[in-house]
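Participant: Quick one: the structure is below, questions incoming.
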Amino acid sequence: MTASIETLVNKEYQYGFVTEVDTDTIPPGLTEETVRLISKKKEEPEWLLEWRLKAFRRWQTMTEPRWPNVTYEPIDYQAHTYYSAPKSVKPLQSLDEVDPELLKTYEKLGISLTEQKRLAGVAVDAIFDSVSVGTTMKSELAKAGVIFCSFGEAVREHPELVQKFLGSVVPYSDNFFAALNSAVFSDGSFVYVPKGVTCPLELSTYFRINAANAGQFERTLIVADEGASVSYLEGCTAPKRDEHQLHAAVVEIVALDRATVKYSTVQNWYAGDSEGKGGIYNFVTKRGKAFTDAKISWTQVETGSAITWKYPSVILQGDNSVGEFYSVAVVNGKQQADTGTKMIHIGRNTRSTIISKGISAGQGQNSYRGQVKVLPKAAGARNYTQCDSMLIGNQCGAHTFPYIEVANNSATLEHEASTSKIGEDQIFYCKARGLNAEHAISLIVAGFCKEVFKELPMEFALEAQQLLGISLEGSVG
Amino acid sequence: MLKITNLHASVGEKEILKGISLTVNAGEVHAIMGPNGSGKSTLAQVIAGHPGYEVTSGSIEYDGQDLLELEAEERAQAGVFLAFQYPIEIPGVTNAYFLRAAYNEIRKAHNQPELDPIEFLDVMEEKLTVVEMDASMMQRSVNAGFSGGEKKRNEILQMAVLEPKLAVLDETDSGLDIDALRIVAEGVNKLKRPDNATIVVTHYQRLLNYIVPDHVHVLAGGRIIKSGGKELALELEAKGYDWLLEPVTA
């Protein structure tokens with residue numbers, strides 16, 4: 001059994017290649033000058049530079065959080081590079097002008113940016129290191145009034161929207177990594193769905209770190225106006241490198257009255273080798289604010305990164321607003337994950353659901369950390385939390401840190417937790433029916449993750465299936 | 001079809017099977033009876049290829065092949081089926097999906113095309129009637145939350161779908177009420193064909209009222225101490241096992 005589990009979970013990382021492109025990379029180090037340089041390279045307006053500088057000054061007064069259940073060598077923030085862009089990327093008239101080398105990179109990743117081969121029904125924004133390579137399907141989206149572009153473009157074309165909502169959910173002072181991101185963020189995606197519009201396509205951003213020693217600090221802002229609805233997917237990969245690379249992203253979601261936003265992530269950053277050498281440090285702040293009758297749903301499949309520190313959260317601001325968090329986090333080798341969510345109930349009759357599935361293999365350490373907070377005015381608030389851990393082998397660990405604060409007596413909270421181990425018995429039962437051990441493990445893991453996978457959009461369900469080496473069909477629904 | 005010769009098997013240091021020899025031909029039903037701890041279930045598990053048991057000597061020949069050389073899944077693909085005494089739960093995986101996965105693995109092993117979920121529905125519908133099971137059972141997770149009787153019926157359903165050449169039923173009657181016992185036994189009887197064989201492992205004679213064996217073997221202390229026809233089961237029912245055990249222990 002052990003051997004087969006190992007072959008399954010130790011599959012070669014297939015996105016570990018490096019793209020050879022000429023880059024415009026600034027020297028390592030982080031000072032106020034670095035911030036000014038990034039802003040200048042991006043030809044940003046004064047207000048945004050000011051905002052970055054405020055964030056930077058705040059960041060200098062902050063210390064890295066020590067409470068996560070992860071251990072790593074201290075990060076030398078001066079040793080990292082904060083801006084790297086392929087030289088060939090200039091404002092483009094069409095995707096046909098994109099550097100073929102970059103297109104090839106995305107083809108290899110299974111993301112086609114060229115017109116003829118694109119995934120039907122999905123618009124893609126491809127972010128390579130610090131910049132957006134291109135966004136597909138723009139004209140189709142424009143017909144519906146939907147804005148989907150790189151963050152840099154949004155700053156140029158729609159400054160009033162960016163200025164209004166940037167930092168409105170995750171202020172630059174929010175935490176150490178959010179402050180760092182606010183100071184040096186390079187690119188990311190921007191989405192605006194106008195009042196009453198249901199976005200006709202799935203929106204997708206594909207993040208790729210390529211340059212060595214360069215961090216990726218992207219910033220995503222999604223605004224769904226009143227009654228609007230949108231589904232957004234995010235995918236991430238990086239080359240294999242021996243050094244740790246830093247990824248500190250911020251995602252902000254604003255769901256105005258009656259809006260619905262569904263945000264799905266398949267995170268597959270390079271996890272480092274089996275000795276823990278290399279791999280991405282993934283320190284991400286994701287949060288949404290749901291106004292009256294609005295709904296925000298986070299679904300994540302976290303399989304990569306050496307360290308994951310991530311708590312996609314929902315502020316349930318308006319009455320009757322709904323927050324959901326569905327998560328599968330897999331750790332293997334020496335990976336460490338400390339991930340979960342925060343559901344902050346402010347409005348009346350607000351509802352939240354948390355389904356977390358942690359899978360630990362190898363020497364991986366997986367922690368669920370979740371906060372459910374019900375404020376005094378949140379009469380009738382309800383939360384359901386289910387937190388399950390599965391252990392594969394006997395050198396890994398699963399940990400759970402739930403925080404529950406309730407300041408309103410009419411709230412109803414439920415918390416269920418379980419820990420299980422893939423048993424020899426389960427595997428033998430499958431084998432006795434003709435399934436080999438790998439198939440058996442896939443099946444058992446798929447069953448374990450079922451409640452989360454069924455929340456993923458179809459395109460991502462397939463990717464998640466490949467990622468976990470599992471067969472999903474039929475076990476869902 | 002199956003030829004077991006002087007089979008010895010252990011768990012850790014403890015030898016449980018101490019020289020079993022048994023031949024089963026196509027079309028036959030063999031009953032293996034015996035007191036608790038005699039090694040009946042171990043024999044069933046060893047035939048199916050459970051990794052927890054080590055075969056220290058002896059051989060099992062199945063269909064001209066050395067069965068002990070095959071992985072458990074290869075044995076299943078070659079037509080060996082074990083109905084578990086304690087069927088295992090697999091939460092989140094529907095019975096329909098699990099069964100189709102198993103069915104297709106066996107088809108693949110025989111170079112037959114796999115069936116898609118729609119095609120498989122037809123196979124299912126027919127087989128569900130064998131064990132008088134409702135189609136809604138197919139959408140429930142494998143054995144999860146099933147009653148004891150439902151689990152056993154589900155094993156027979158799997159057997160009906162997979163159409164093994166050699167079926168080993170390990171204490172399939174334990175924990176069944178009389179109605180469930182009848183359904184399970186009738187299911188097994190319906191699946192009987194001249195080209196397949198069944199080994200029924202049981203503690204009690206009552207199952208053998210429904211599934212009539214051609215041969216009955218009494219297993220005690222890891223050895224077959226007596227073999228006979230179906231009348232031996234009745235004799236055991238009347239006299240218990242003690243009269244057979246005494247000469248051995250003496």
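Identifiers in the structure tokens: chain A, B, ... in order shown; residue index from 1 per chain; ligand index from 1 in order shown.
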Kindly provide, as number ranges by chain, the residues of chain A having any atom no farther than 8 Å from an atom of chain B, counting only C-alpha atoms.
Facilitator: A: 425-426, 428-436, 443-444, 446-450, 474-476
Participant: Store the residues picked out above in a file with C-alpha atoms, as a compact mmCIF listing (two decimals), in the first residue's frame.
Facilitator:
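Dumped everything to result-v5.txt:
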```txt
# COMPACT_ATOMS: atom_id res chain seq x y z
CA ASP A 425 -9.07 -2.46 4.40
CA GLN A 426 -10.55 0.08 2.00
CA PHE A 428 -8.02 -4.23 -0.27
CA TYR A 429 -11.76 -4.04 -0.75
CA CYS A 430 -11.24 -2.10 -3.98
CA LYS A 431 -8.48 -4.44 -5.10
CA ALA A 432 -10.70 -7.42 -4.48
CA ARG A 433 -13.08 -5.83 -7.00
CA GLY A 434 -10.40 -5.46 -9.65
CA LEU A 435 -9.17 -1.91 -9.00
CA ASN A 436 -5.44 -1.40 -8.55
CA LEU A 443 -11.50 6.73 -5.68
CA ILE A 444 -11.34 7.01 -1.90
CA ALA A 446 -12.46 11.58 -4.64
CA GLY A 447 -15.20 10.36 -2.37
CA PHE A 448 -13.65 12.27 0.51
CA CYS A 449 -13.51 15.50 -1.50
CA LYS A 450 -16.85 15.08 -3.22
CA GLY A 474 -19.80 9.76 -11.49
CA SER A 475 -18.67 10.03 -7.91
CA VAL A 476 -19.97 13.57 -7.97
```
Participant: Quick check for you: according to DSSP on this backbone, which residues of segment 52-139 of chain B are classed as strand (DSSP E or B)? Reply as a list in words.
Facilitator: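 The strand (DSSP E or B) residues within segment 52-139 of chain B come out as Glu54, Val55, Thr56, Ser57, Gly58, Ser59, Ile60, Glu61, Tyr62, Gln65, Asp66, Val80, Phe81, Leu82, Ala83, Ile90, Pro91, Gly92, Val93 and Thr94 of chain B.
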Participant: Pull N, CA, C and O atoms from the residues just selected and write them as an mmCIF file, in the first residue's frame.
Facilitator:
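Once everything was written out, this is result-v3.cif:
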```cif
data_model
loop_
_atom_site.group_PDB
_atom_site.id
_atom_site.type_symbol
_atom_site.label_atom_id
_atom_site.label_comp_id
_atom_site.auth_asym_id
_atom_site.auth_seq_id
_atom_site.Cartn_x
_atom_site.Cartn_y
_atom_site.Cartn_z
ATOM 1 N N GLU B 54 0.599 -14.078 5.117
ATOM 2 C CA GLU B 54 1.754 -14.540 4.369
ATOM 3 C C GLU B 54 1.615 -16.036 4.116
ATOM 4 O O GLU B 54 1.387 -16.815 5.056
ATOM 5 N N VAL B 55 1.691 -16.387 2.848
ATOM 6 C CA VAL B 55 1.658 -17.817 2.526
ATOM 7 C C VAL B 55 3.081 -18.345 2.679
ATOM 8 O O VAL B 55 3.998 -17.899 1.995
ATOM 9 N N THR B 56 3.260 -19.259 3.624
ATOM 10 C CA THR B 56 4.616 -19.732 3.919
ATOM 11 C C THR B 56 4.987 -20.958 3.099
ATOM 12 O O THR B 56 6.150 -21.168 2.787
ATOM 13 N N SER B 57 3.986 -21.785 2.760
ATOM 14 C CA SER B 57 4.271 -22.880 1.827
ATOM 15 C C SER B 57 2.972 -23.384 1.229
ATOM 16 O O SER B 57 1.886 -22.991 1.638
ATOM 17 N N GLY B 58 3.099 -24.222 0.230
ATOM 18 C CA GLY B 58 1.925 -24.732 -0.459
ATOM 19 C C GLY B 58 1.616 -23.895 -1.689
ATOM 20 O O GLY B 58 2.335 -22.940 -1.999
ATOM 21 N N SER B 59 0.564 -24.289 -2.405
ATOM 22 C CA SER B 59 0.256 -23.590 -3.654
ATOM 23 C C SER B 59 -1.244 -23.507 -3.881
ATOM 24 O O SER B 59 -2.027 -24.266 -3.312
ATOM 25 N N ILE B 60 -1.625 -22.531 -4.677
ATOM 26 C CA ILE B 60 -3.008 -22.440 -5.145
ATOM 27 C C ILE B 60 -2.971 -22.292 -6.660
ATOM 28 O O ILE B 60 -2.389 -21.345 -7.185
ATOM 29 N N GLU B 61 -3.568 -23.246 -7.311
ATOM 30 C CA GLU B 61 -3.638 -23.170 -8.766
ATOM 31 C C GLU B 61 -5.073 -22.825 -9.138
ATOM 32 O O GLU B 61 -6.020 -23.430 -8.631
ATOM 33 N N TYR B 62 -5.207 -21.811 -9.983
ATOM 34 C CA TYR B 62 -6.540 -21.392 -10.398
ATOM 35 C C TYR B 62 -6.551 -21.285 -11.908
ATOM 36 O O TYR B 62 -5.745 -20.530 -12.469
ATOM 37 N N GLN B 65 -3.344 -21.205 -13.610
ATOM 38 C CA GLN B 65 -2.341 -20.197 -13.244
ATOM 39 C C GLN B 65 -1.962 -20.360 -11.777
ATOM 40 O O GLN B 65 -2.732 -20.880 -10.988
ATOM 41 N N ASP B 66 -0.780 -19.840 -11.432
ATOM 42 C CA ASP B 66 -0.375 -19.793 -10.036
ATOM 43 C C ASP B 66 -1.030 -18.571 -9.405
ATOM 44 O O ASP B 66 -0.614 -17.437 -9.618
ATOM 45 N N VAL B 80 -11.945 -14.151 -9.756
ATOM 46 C CA VAL B 80 -12.089 -14.570 -8.361
ATOM 47 C C VAL B 80 -12.845 -13.473 -7.609
ATOM 48 O O VAL B 80 -12.525 -12.294 -7.749
ATOM 49 N N PHE B 81 -13.837 -13.860 -6.860
ATOM 50 C CA PHE B 81 -14.630 -12.866 -6.140
ATOM 51 C C PHE B 81 -14.754 -13.277 -4.684
ATOM 52 O O PHE B 81 -15.071 -14.424 -4.376
ATOM 53 N N LEU B 82 -14.516 -12.320 -3.783
ATOM 54 C CA LEU B 82 -14.724 -12.565 -2.360
ATOM 55 C C LEU B 82 -15.876 -11.694 -1.881
ATOM 56 O O LEU B 82 -15.813 -10.465 -1.996
ATOM 57 N N ALA B 83 -16.937 -12.326 -1.373
ATOM 58 C CA ALA B 83 -17.995 -11.571 -0.696
ATOM 59 C C ALA B 83 -17.545 -11.410 0.747
ATOM 60 O O ALA B 83 -17.363 -12.399 1.456
ATOM 61 N N ILE B 90 -17.054 3.094 1.740
ATOM 62 C CA ILE B 90 -16.268 4.106 1.029
ATOM 63 C C ILE B 90 -17.132 5.357 0.901
ATOM 64 O O ILE B 90 -17.881 5.514 -0.063
ATOM 65 N N PRO B 91 -17.043 6.262 1.853
ATOM 66 C CA PRO B 91 -17.923 7.438 1.860
ATOM 67 C C PRO B 91 -17.688 8.319 0.634
ATOM 68 O O PRO B 91 -16.552 8.475 0.179
ATOM 69 N N GLY B 92 -18.762 8.841 0.095
ATOM 70 C CA GLY B 92 -18.657 9.812 -0.997
ATOM 71 C C GLY B 92 -18.582 9.194 -2.380
ATOM 72 O O GLY B 92 -18.670 9.899 -3.375
ATOM 73 N N VAL B 93 -18.392 7.890 -2.457
ATOM 74 C CA VAL B 93 -18.324 7.215 -3.764
ATOM 75 C C VAL B 93 -19.619 6.436 -3.939
ATOM 76 O O VAL B 93 -19.928 5.573 -3.122
ATOM 77 N N THR B 94 -20.363 6.759 -4.987
ATOM 78 C CA THR B 94 -21.651 6.075 -5.118
ATOM 79 C C THR B 94 -21.444 4.612 -5.500
ATOM 80 O O THR B 94 -20.478 4.244 -6.165
#
```
Participant: Please run DSSP on the backbone and report, as a PyMOL selection string, all residues within segment 279-433 of chain A that come out as helix (DSSP H, G or I).
Facilitator: chain A and resi 424-431
Participant: Limited to all heavy atoms, could you put the picked residues into a file as a PDB file, in the first residue's frame?
Facilitator:
```
ATOM      1  N   GLU A 424      -5.934   0.165   4.939  1.00  0.00           N
ATOM      2  CA  GLU A 424      -5.586  -1.020   4.148  1.00  0.00           C
ATOM      3  C   GLU A 424      -6.866  -1.741   3.744  1.00  0.00           C
ATOM      4  O   GLU A 424      -6.958  -2.277   2.645  1.00  0.00           O
ATOM      5  CB  GLU A 424      -4.760  -1.992   5.011  1.00  0.00           C
ATOM      6  CG  GLU A 424      -3.439  -1.456   5.481  1.00  0.00           C
ATOM      7  CD  GLU A 424      -2.304  -1.853   4.557  1.00  0.00           C
ATOM      8  OE1 GLU A 424      -2.578  -2.582   3.587  1.00  0.00           O
ATOM      9  OE2 GLU A 424      -1.172  -1.415   4.800  1.00  0.00           O
ATOM     10  N   ASP A 425      -7.828  -1.737   4.658  1.00  0.00           N
ATOM     11  CA  ASP A 425      -9.069  -2.455   4.396  1.00  0.00           C
ATOM     12  C   ASP A 425      -9.803  -1.882   3.193  1.00  0.00           C
ATOM     13  O   ASP A 425     -10.301  -2.627   2.351  1.00  0.00           O
ATOM     14  CB  ASP A 425      -9.994  -2.368   5.616  1.00  0.00           C
ATOM     15  CG  ASP A 425      -9.533  -3.272   6.732  1.00  0.00           C
ATOM     16  OD1 ASP A 425      -8.623  -4.099   6.479  1.00  0.00           O
ATOM     17  OD2 ASP A 425     -10.062  -3.148   7.843  1.00  0.00           O
ATOM     18  N   GLN A 426      -9.863  -0.541   3.131  1.00  0.00           N
ATOM     19  CA  GLN A 426     -10.552   0.084   2.001  1.00  0.00           C
ATOM     20  C   GLN A 426      -9.831  -0.249   0.697  1.00  0.00           C
ATOM     21  O   GLN A 426     -10.458  -0.546  -0.314  1.00  0.00           O
ATOM     22  CB  GLN A 426     -10.585   1.605   2.180  1.00  0.00           C
ATOM     23  CG  GLN A 426     -11.685   2.081   3.109  1.00  0.00           C
ATOM     24  CD  GLN A 426     -11.646   3.583   3.275  1.00  0.00           C
ATOM     25  OE1 GLN A 426     -10.570   4.174   3.382  1.00  0.00           O
ATOM     26  NE2 GLN A 426     -12.807   4.203   3.297  1.00  0.00           N
ATOM     27  N   ILE A 427      -8.505  -0.185   0.748  1.00  0.00           N
ATOM     28  CA  ILE A 427      -7.750  -0.451  -0.474  1.00  0.00           C
ATOM     29  C   ILE A 427      -7.915  -1.910  -0.899  1.00  0.00           C
ATOM     30  O   ILE A 427      -8.131  -2.213  -2.070  1.00  0.00           O
ATOM     31  CB  ILE A 427      -6.268  -0.067  -0.284  1.00  0.00           C
ATOM     32  CG1 ILE A 427      -6.184   1.455  -0.154  1.00  0.00           C
ATOM     33  CG2 ILE A 427      -5.413  -0.560  -1.451  1.00  0.00           C
ATOM     34  CD1 ILE A 427      -4.818   1.978   0.170  1.00  0.00           C
ATOM     35  N   PHE A 428      -7.861  -2.810   0.084  1.00  0.00           N
ATOM     36  CA  PHE A 428      -8.018  -4.226  -0.269  1.00  0.00           C
ATOM     37  C   PHE A 428      -9.408  -4.508  -0.833  1.00  0.00           C
ATOM     38  O   PHE A 428      -9.568  -5.283  -1.775  1.00  0.00           O
ATOM     39  CB  PHE A 428      -7.741  -5.129   0.936  1.00  0.00           C
ATOM     40  CG  PHE A 428      -7.955  -6.583   0.628  1.00  0.00           C
ATOM     41  CD1 PHE A 428      -7.185  -7.223  -0.336  1.00  0.00           C
ATOM     42  CD2 PHE A 428      -8.942  -7.313   1.276  1.00  0.00           C
ATOM     43  CE1 PHE A 428      -7.407  -8.560  -0.653  1.00  0.00           C
ATOM     44  CE2 PHE A 428      -9.168  -8.643   0.972  1.00  0.00           C
ATOM     45  CZ  PHE A 428      -8.392  -9.272   0.004  1.00  0.00           C
ATOM     46  N   TYR A 429     -10.395  -3.851  -0.253  1.00  0.00           N
ATOM     47  CA  TYR A 429     -11.765  -4.043  -0.751  1.00  0.00           C
ATOM     48  C   TYR A 429     -11.845  -3.659  -2.239  1.00  0.00           C
ATOM     49  O   TYR A 429     -12.419  -4.386  -3.054  1.00  0.00           O
ATOM     50  CB  TYR A 429     -12.732  -3.198   0.077  1.00  0.00           C
ATOM     51  CG  TYR A 429     -14.196  -3.458  -0.190  1.00  0.00           C
ATOM     52  CD1 TYR A 429     -14.766  -4.696   0.094  1.00  0.00           C
ATOM     53  CD2 TYR A 429     -15.026  -2.457  -0.698  1.00  0.00           C
ATOM     54  CE1 TYR A 429     -16.113  -4.930  -0.126  1.00  0.00           C
ATOM     55  CE2 TYR A 429     -16.373  -2.683  -0.922  1.00  0.00           C
ATOM     56  CZ  TYR A 429     -16.912  -3.920  -0.636  1.00  0.00           C
ATOM     57  OH  TYR A 429     -18.247  -4.157  -0.857  1.00  0.00           O
ATOM     58  N   CYS A 430     -11.244  -2.524  -2.569  1.00  0.00           N
ATOM     59  CA  CYS A 430     -11.239  -2.095  -3.977  1.00  0.00           C
ATOM     60  C   CYS A 430     -10.444  -3.064  -4.846  1.00  0.00           C
ATOM     61  O   CYS A 430     -10.850  -3.402  -5.961  1.00  0.00           O
ATOM     62  CB  CYS A 430     -10.637  -0.693  -4.109  1.00  0.00           C
ATOM     63  SG  CYS A 430     -11.604   0.591  -3.310  1.00  0.00           S
ATOM     64  N   LYS A 431      -9.303  -3.500  -4.327  1.00  0.00           N
ATOM     65  CA  LYS A 431      -8.476  -4.435  -5.103  1.00  0.00           C
ATOM     66  C   LYS A 431      -9.226  -5.742  -5.354  1.00  0.00           C
ATOM     67  O   LYS A 431      -9.158  -6.313  -6.433  1.00  0.00           O
ATOM     68  CB  LYS A 431      -7.154  -4.711  -4.383  1.00  0.00           C
ATOM     69  CG  LYS A 431      -6.211  -3.513  -4.402  1.00  0.00           C
ATOM     70  CD  LYS A 431      -4.897  -3.806  -3.702  1.00  0.00           C
ATOM     71  CE  LYS A 431      -3.972  -4.580  -4.589  1.00  0.00           C
ATOM     72  NZ  LYS A 431      -2.566  -4.518  -4.169  1.00  0.00           N
TER      73      LYS A 431
END
```
Participant: List the spatial neighbours of Lys127 of chain B as a PDB file with all heavy atoms, in the first residue's frame - criterion: any atom at most 7 Å away, only C-alpha atoms, same-chain residues fewer than 2 positions off excluded.
Facilitator:
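This went into result32.pdb:
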```
ATOM      1  N   VAL B 123     -27.196  -2.832 -17.448  1.00  0.00           N
ATOM      2  CA  VAL B 123     -26.626  -3.982 -16.725  1.00  0.00           C
ATOM      3  C   VAL B 123     -27.159  -3.970 -15.289  1.00  0.00           C
ATOM      4  O   VAL B 123     -27.602  -4.982 -14.756  1.00  0.00           O
ATOM      5  CB  VAL B 123     -25.084  -3.895 -16.717  1.00  0.00           C
ATOM      6  CG1 VAL B 123     -24.482  -5.040 -15.905  1.00  0.00           C
ATOM      7  CG2 VAL B 123     -24.540  -3.898 -18.143  1.00  0.00           C
ATOM      8  N   MET B 124     -27.104  -2.783 -14.688  1.00  0.00           N
ATOM      9  CA  MET B 124     -27.523  -2.642 -13.297  1.00  0.00           C
ATOM     10  C   MET B 124     -28.958  -3.078 -13.077  1.00  0.00           C
ATOM     11  O   MET B 124     -29.267  -3.799 -12.150  1.00  0.00           O
ATOM     12  CB  MET B 124     -27.424  -1.170 -12.867  1.00  0.00           C
ATOM     13  CG  MET B 124     -26.065  -0.667 -12.531  1.00  0.00           C
ATOM     14  SD  MET B 124     -25.154  -1.812 -11.544  1.00  0.00           S
ATOM     15  CE  MET B 124     -26.349  -2.180 -10.309  1.00  0.00           C
ATOM     16  N   GLU B 125     -29.819  -2.557 -13.947  1.00  0.00           N
ATOM     17  CA  GLU B 125     -31.245  -2.780 -13.762  1.00  0.00           C
ATOM     18  C   GLU B 125     -31.568  -4.261 -13.673  1.00  0.00           C
ATOM     19  O   GLU B 125     -32.318  -4.704 -12.818  1.00  0.00           O
ATOM     20  CB  GLU B 125     -32.019  -2.155 -14.925  1.00  0.00           C
ATOM     21  CG  GLU B 125     -32.740  -0.894 -14.490  1.00  0.00           C
ATOM     22  CD  GLU B 125     -33.347  -0.175 -15.668  1.00  0.00           C
ATOM     23  OE1 GLU B 125     -33.911  -0.863 -16.549  1.00  0.00           O
ATOM     24  OE2 GLU B 125     -33.255   1.069 -15.716  1.00  0.00           O
ATOM     25  N   THR B 129     -32.523  -6.872  -9.732  1.00  0.00           N
ATOM     26  CA  THR B 129     -33.649  -7.754  -9.448  1.00  0.00           C
ATOM     27  C   THR B 129     -33.183  -9.054  -8.792  1.00  0.00           C
ATOM     28  O   THR B 129     -33.911  -9.659  -8.022  1.00  0.00           O
ATOM     29  CB  THR B 129     -34.420  -8.099 -10.742  1.00  0.00           C
ATOM     30  OG1 THR B 129     -33.509  -8.752 -11.629  1.00  0.00           O
ATOM     31  CG2 THR B 129     -34.960  -6.864 -11.419  1.00  0.00           C
ATOM     32  N   VAL B 130     -31.924  -9.442  -9.086  1.00  0.00           N
ATOM     33  CA  VAL B 130     -31.410 -10.693  -8.517  1.00  0.00           C
ATOM     34  C   VAL B 130     -31.427 -10.644  -6.987  1.00  0.00           C
ATOM     35  O   VAL B 130     -31.715 -11.623  -6.322  1.00  0.00           O
ATOM     36  CB  VAL B 130     -29.954 -10.951  -9.021  1.00  0.00           C
ATOM     37  CG1 VAL B 130     -29.340 -12.153  -8.300  1.00  0.00           C
ATOM     38  CG2 VAL B 130     -29.946 -11.150 -10.521  1.00  0.00           C
ATOM     39  N   LEU B 157     -24.967  -8.351  -4.980  1.00  0.00           N
ATOM     40  CA  LEU B 157     -25.197  -7.544  -6.183  1.00  0.00           C
ATOM     41  C   LEU B 157     -23.889  -7.396  -6.967  1.00  0.00           C
ATOM     42  O   LEU B 157     -23.854  -7.551  -8.191  1.00  0.00           O
ATOM     43  CB  LEU B 157     -25.733  -6.167  -5.804  1.00  0.00           C
ATOM     44  CG  LEU B 157     -25.843  -5.172  -6.967  1.00  0.00           C
ATOM     45  CD1 LEU B 157     -26.913  -5.625  -7.963  1.00  0.00           C
ATOM     46  CD2 LEU B 157     -26.162  -3.773  -6.473  1.00  0.00           C
ATOM     47  N   ALA B 160     -23.217 -10.449  -8.734  1.00  0.00           N
ATOM     48  CA  ALA B 160     -24.085 -10.611  -9.903  1.00  0.00           C
ATOM     49  C   ALA B 160     -23.546  -9.805 -11.080  1.00  0.00           C
ATOM     50  O   ALA B 160     -23.561 -10.250 -12.223  1.00  0.00           O
ATOM     51  CB  ALA B 160     -25.511 -10.170  -9.554  1.00  0.00           C
ATOM     52  N   VAL B 161     -23.049  -8.605 -10.792  1.00  0.00           N
ATOM     53  CA  VAL B 161     -22.564  -7.734 -11.853  1.00  0.00           C
ATOM     54  C   VAL B 161     -21.232  -8.244 -12.403  1.00  0.00           C
ATOM     55  O   VAL B 161     -20.997  -8.253 -13.610  1.00  0.00           O
ATOM     56  CB  VAL B 161     -22.411  -6.283 -11.342  1.00  0.00           C
ATOM     57  CG1 VAL B 161     -21.681  -5.421 -12.369  1.00  0.00           C
ATOM     58  CG2 VAL B 161     -23.777  -5.686 -11.030  1.00  0.00           C
TER      59      VAL B 161
END
```
Participant: Work out how far apart atom CA of Asp338 of chain A and atom CA of Trp309 of chain A are and give it in Å to one decimal.
Facilitator: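 Separation of atom CA of Asp338 of chain A and atom CA of Trp309 of chain A: 5.2 Å.
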Participant: If I take atom CA of Glu150 of chain B and atom CA of Asp195 of chain B, how far is one from the other in Å, to one decimal?
Facilitator: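 Those two atoms sit 28.0 Å apart.
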Participant: When you draw a straight line from atom CA of Lys295 of chain A to atom CA of Arg351 of chain A, how long is it in Å?
Facilitator: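 Computed distance, atom CA of Lys295 of chain A to atom CA of Arg351 of chain A, equals 9.4 Å.
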Participant: Which is closer to Tyr241 of chain B than all the others in B:Arg140, B:Gln205, B:Gly149, B:Pro213, using only C-alpha atoms?
Facilitator: B:Gln205
